[in-house]
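Let me begin by presenting the structure, written as structure tokens, before commenting on it.
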Amino acid sequence: MATTTRVPQTIDAYLAAVSDPAAEKTLSALRTQLRKLLPKATETISYQMPAFKVHGDIVVGFAFFKNNCGFYPGSGSVVPALKSELEGYTTSKSGVTFPPDEPLPAKLVKKLVQVRLAEIAASAKKPAAAKKSPAKGFQVGVVRTLPMTAPALWKWLTTGADAWLGAGATLKPKAGTPYSVPKRRGAPSVSGEVRSVISGRRLRMTWQPEGWTKPATLQFTVTPKTKGASLLVQMENLPDAETREAMRERWSDILARVA
């Protein structure tokens, strides 16, 4: 995200805090295009990123991280719906990431916005009782390619759990093993169980912070790349959209600090 320790309160402040000139130029141009596509939208900061809302619904948000920019439709179904048109980009169900000096084509941005607006319009026509969460609840995925080998990344994941679970966390990468994270200032305690492990590649576990009625599913996938290795973090069965965005921000921040 923008390199500042204080969360900007306006989009102007957010862009002013972006340290990468290419990213600042790209996101400013993206904002200009979104203003034209969404003339009646409200500009705001939502979940610590610039966002455009229509009738209270987030149409799209965008952000700058350490090495890339992100474009996030306000739903987990827009990106999958345009999978063929996004081939070649790094994607998750919640968004698209791209290099600061390689902006998303204007036509692609327009298509993403149009699909999201159509989704909002369709949702508004449904009776409230008919609106249901997907079978797996709210989901989020964050991926980043890191400058380390896949074995080194796997070692970090399985031996340095306190770096991503929280201070005092203990984790044994073996199916059926429980784990816990002590409560600390600003964060509840977390408990769960390792469900499956494919050594060097995949770790799947439950995740249940104090106060949650049901656990979420947390999965890490390590994939070797030509230069480094990628780490995909996926969460399923999240209770609501607000939690989904909070988890996206959490894992984006953690991956930005790795190596």
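Following the order of the structure tokens, chains are lettered A, B, ..., residues in each are numbered from 1, and ligands are numbered from 1.
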Handout entry: Contacts of Thr243 of chain A at 10 Å (only C-alpha atoms; same-chain gap of 5+ positions) as a VMD selection string
Key = chain A and resid 47 138 to 140 238 248 to 249
Mind writing the picked residues with C-alpha atoms as a short mmCIF file (atom, residue, chain, number, x, y, z; two decimals), in the first residue's frame?
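result-v7.cif, written as the output of this step:
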```cif
data_model
loop_
_atom_site.label_atom_id
_atom_site.label_comp_id
_atom_site.auth_asym_id
_atom_site.auth_seq_id
_atom_site.Cartn_x
_atom_site.Cartn_y
_atom_site.Cartn_z
CA TYR A 47 -10.50 -0.57 3.84
CA PHE A 138 -17.14 -14.85 1.57
CA GLN A 139 -13.75 -15.63 0.05
CA VAL A 140 -10.52 -13.78 -0.63
CA LEU A 238 -15.48 -15.65 6.02
CA ARG A 248 -7.25 -9.09 2.07
CA GLU A 249 -5.49 -6.12 3.63
#
```
Practice task
Please run DSSP on the backbone and report, as a PyMOL selection string, all residues within segment 86-242 of chain A that come out as alpha helix (DSSP H).
Solution key: chain A and resi 106-125+150-159+241-242
Fill in the blank from the handout: Restricting to only C-alpha atoms, whichever of A:Gln33, A:Thr97, A:Ser199, A:Thr10 is closest to Val143 of chain A is A:Thr97
Completion exercise
Among A:Glu87, A:Leu153, A:Ser92, A:Pro50, Leu108 of chain A is approached most closely, using only C-alpha atoms, by A:Glu87
Handout entry: Spatial neighbours of Pro99 of chain A, max dist 8 Å, only C-alpha atoms, sep filter under 5 positions, as an NGL selection string
Key = :A and (67-69)
Those same residues, written as a JSON list (two decimals), in the first residue's frame with all heavy atoms?
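Output file result05.json is given in full below:
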```json
[["chain", "number", "residue", "atom", "x", "y", "z"],
["A", 67, "ASN", "N", 5.44, -3.44, -4.79],
["A", 67, "ASN", "CA", 5.96, -3.59, -6.15],
["A", 67, "ASN", "C", 4.90, -3.59, -7.23],
["A", 67, "ASN", "O", 5.23, -3.78, -8.40],
["A", 67, "ASN", "CB", 6.77, -4.90, -6.27],
["A", 67, "ASN", "CG", 7.97, -4.92, -5.35],
["A", 67, "ASN", "OD1", 8.75, -3.98, -5.33],
["A", 67, "ASN", "ND2", 8.12, -6.00, -4.58],
["A", 68, "ASN", "N", 3.63, -3.44, -6.86],
["A", 68, "ASN", "CA", 2.60, -3.49, -7.89],
["A", 68, "ASN", "C", 1.37, -2.69, -7.50],
["A", 68, "ASN", "O", 1.25, -2.23, -6.37],
["A", 68, "ASN", "CB", 2.21, -4.95, -8.18],
["A", 68, "ASN", "CG", 1.76, -5.68, -6.93],
["A", 68, "ASN", "OD1", 0.88, -5.19, -6.22],
["A", 68, "ASN", "ND2", 2.33, -6.84, -6.66],
["A", 69, "CYS", "N", 0.50, -2.53, -8.48],
["A", 69, "CYS", "CA", -0.78, -1.86, -8.27],
["A", 69, "CYS", "C", -1.87, -2.93, -8.27],
["A", 69, "CYS", "O", -1.71, -4.01, -8.84],
["A", 69, "CYS", "CB", -1.05, -0.86, -9.39],
["A", 69, "CYS", "SG", 0.12, 0.52, -9.45]]
```
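Minimum atom-to-atom distances from A:Arg195, A:Arg204, A:Arg116, A:Lys110 to Ser77 of chain A were compared using only C-alpha atoms, and the lowest value belongs to A:Arg116.
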Exercise for the section: Give the answer as one residue: which of A:Ala241, A:Leu231, A:Val60, A:Ala29 has the shortest atom-to-atom distance to Pro151 of chain A, using only C-alpha atoms? Expected result: A:Leu231
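The smallest atom-to-atom distance between Lys25 of chain A and any of A:Gly61, A:Ser75, A:Asp101, A:Ala81, using only C-alpha atoms, is found for A:Asp101.
The smallest atom-to-atom distance between Met49 of chain A and any of A:Gly186, A:Thr159, A:Gln9, A:Leu30, using only C-alpha atoms, is found for A:Gln9.
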Practice task
May I have the residues within 10 Å of Ala16 of chain A as a PyMOL selection string, using only C-alpha atoms and disregarding those fewer than 6 positions away in the same chain?
Solution key: chain A and resi 2+8+10+24+28
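With atom CA of Ala152 of chain A on one side and atom CA of Ser230 of chain A on the other, the separation reads 11.4 Å.
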Handout entry: strand (DSSP E) per DSSP on the backbone: members of segment 39-169 of chain A, as JSON, numbers by chain
Key = {"A": [42, 43, 44, 45, 46, 49, 50, 51, 52, 53, 54, 57, 58, 59, 60, 61, 62, 63, 64, 69, 70, 71, 72, 73, 90, 91, 96, 97, 98, 138, 139, 140, 141, 142, 143, 144, 145, 146]}
Handout entry: Residue contacts of Ser252 of chain A (9 Å, only C-alpha atoms) excluding same-chain residues fewer than 5 positions away, as a PyMOL selection string
Key = chain A and resi 1+65+142-144+247+257
Deliver the residues from the most recent selection as a file, using N, CA and C atoms, as a PDB file, in the first residue's frame.
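Just written: result.pdb:
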```pdb
ATOM      1  N   MET A   1       0.833  -1.177   0.000  1.00  0.00           N
ATOM      2  CA  MET A   1       0.000   0.000   0.000  1.00  0.00           C
ATOM      3  C   MET A   1       0.882   1.246   0.000  1.00  0.00           C
ATOM      4  N   PHE A  65       0.906  -1.316  -3.744  1.00  0.00           N
ATOM      5  CA  PHE A  65       1.647  -2.081  -2.750  1.00  0.00           C
ATOM      6  C   PHE A  65       3.136  -1.866  -3.014  1.00  0.00           C
ATOM      7  N   VAL A 142      -4.991 -13.670  -2.032  1.00  0.00           N
ATOM      8  CA  VAL A 142      -3.903 -12.719  -2.237  1.00  0.00           C
ATOM      9  C   VAL A 142      -2.688 -13.504  -2.696  1.00  0.00           C
ATOM     10  N   VAL A 143      -2.023 -13.048  -3.752  1.00  0.00           N
ATOM     11  CA  VAL A 143      -0.854 -13.771  -4.257  1.00  0.00           C
ATOM     12  C   VAL A 143       0.287 -12.792  -4.494  1.00  0.00           C
ATOM     13  N   ARG A 144       1.496 -13.257  -4.270  1.00  0.00           N
ATOM     14  CA  ARG A 144       2.680 -12.415  -4.502  1.00  0.00           C
ATOM     15  C   ARG A 144       3.851 -13.311  -4.874  1.00  0.00           C
ATOM     16  N   MET A 247      -9.238  -9.125   5.749  1.00  0.00           N
ATOM     17  CA  MET A 247      -8.289 -10.218   5.540  1.00  0.00           C
ATOM     18  C   MET A 247      -7.443  -9.978   4.297  1.00  0.00           C
ATOM     19  N   ARG A 257       5.885  -7.713   3.411  1.00  0.00           N
ATOM     20  CA  ARG A 257       7.015  -7.663   4.332  1.00  0.00           C
ATOM     21  C   ARG A 257       7.941  -8.877   4.220  1.00  0.00           C
TER      22      ARG A 257
END
```
Practice task
Name the residues in contact with Thr32 of chain A at a cut-off of 12 Å, using only C-alpha atoms, excluding same-chain residues fewer than 4 positions from it; report them as a ChimeraX atom specification.
Solution key: /A:11-12,25-28,36-39,43,52,106,109
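One distance worth recording is that between atom CA of Pro178 of chain A and atom CA of Ser94 of chain A, which is 29.1 Å.
Here atom CA of Ala161 of chain A stands at a distance of 22.2 Å from atom CA of Lys214 of chain A.
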Exercise for the section: Quick one: everything within 9 Å of segment 54-56 of chain A, counting only C-alpha atoms, minus sequence neighbours fewer than 5 positions away in the same chain. Send it as a ChimeraX atom specification. Expected result: /A:38,40-42,117,120
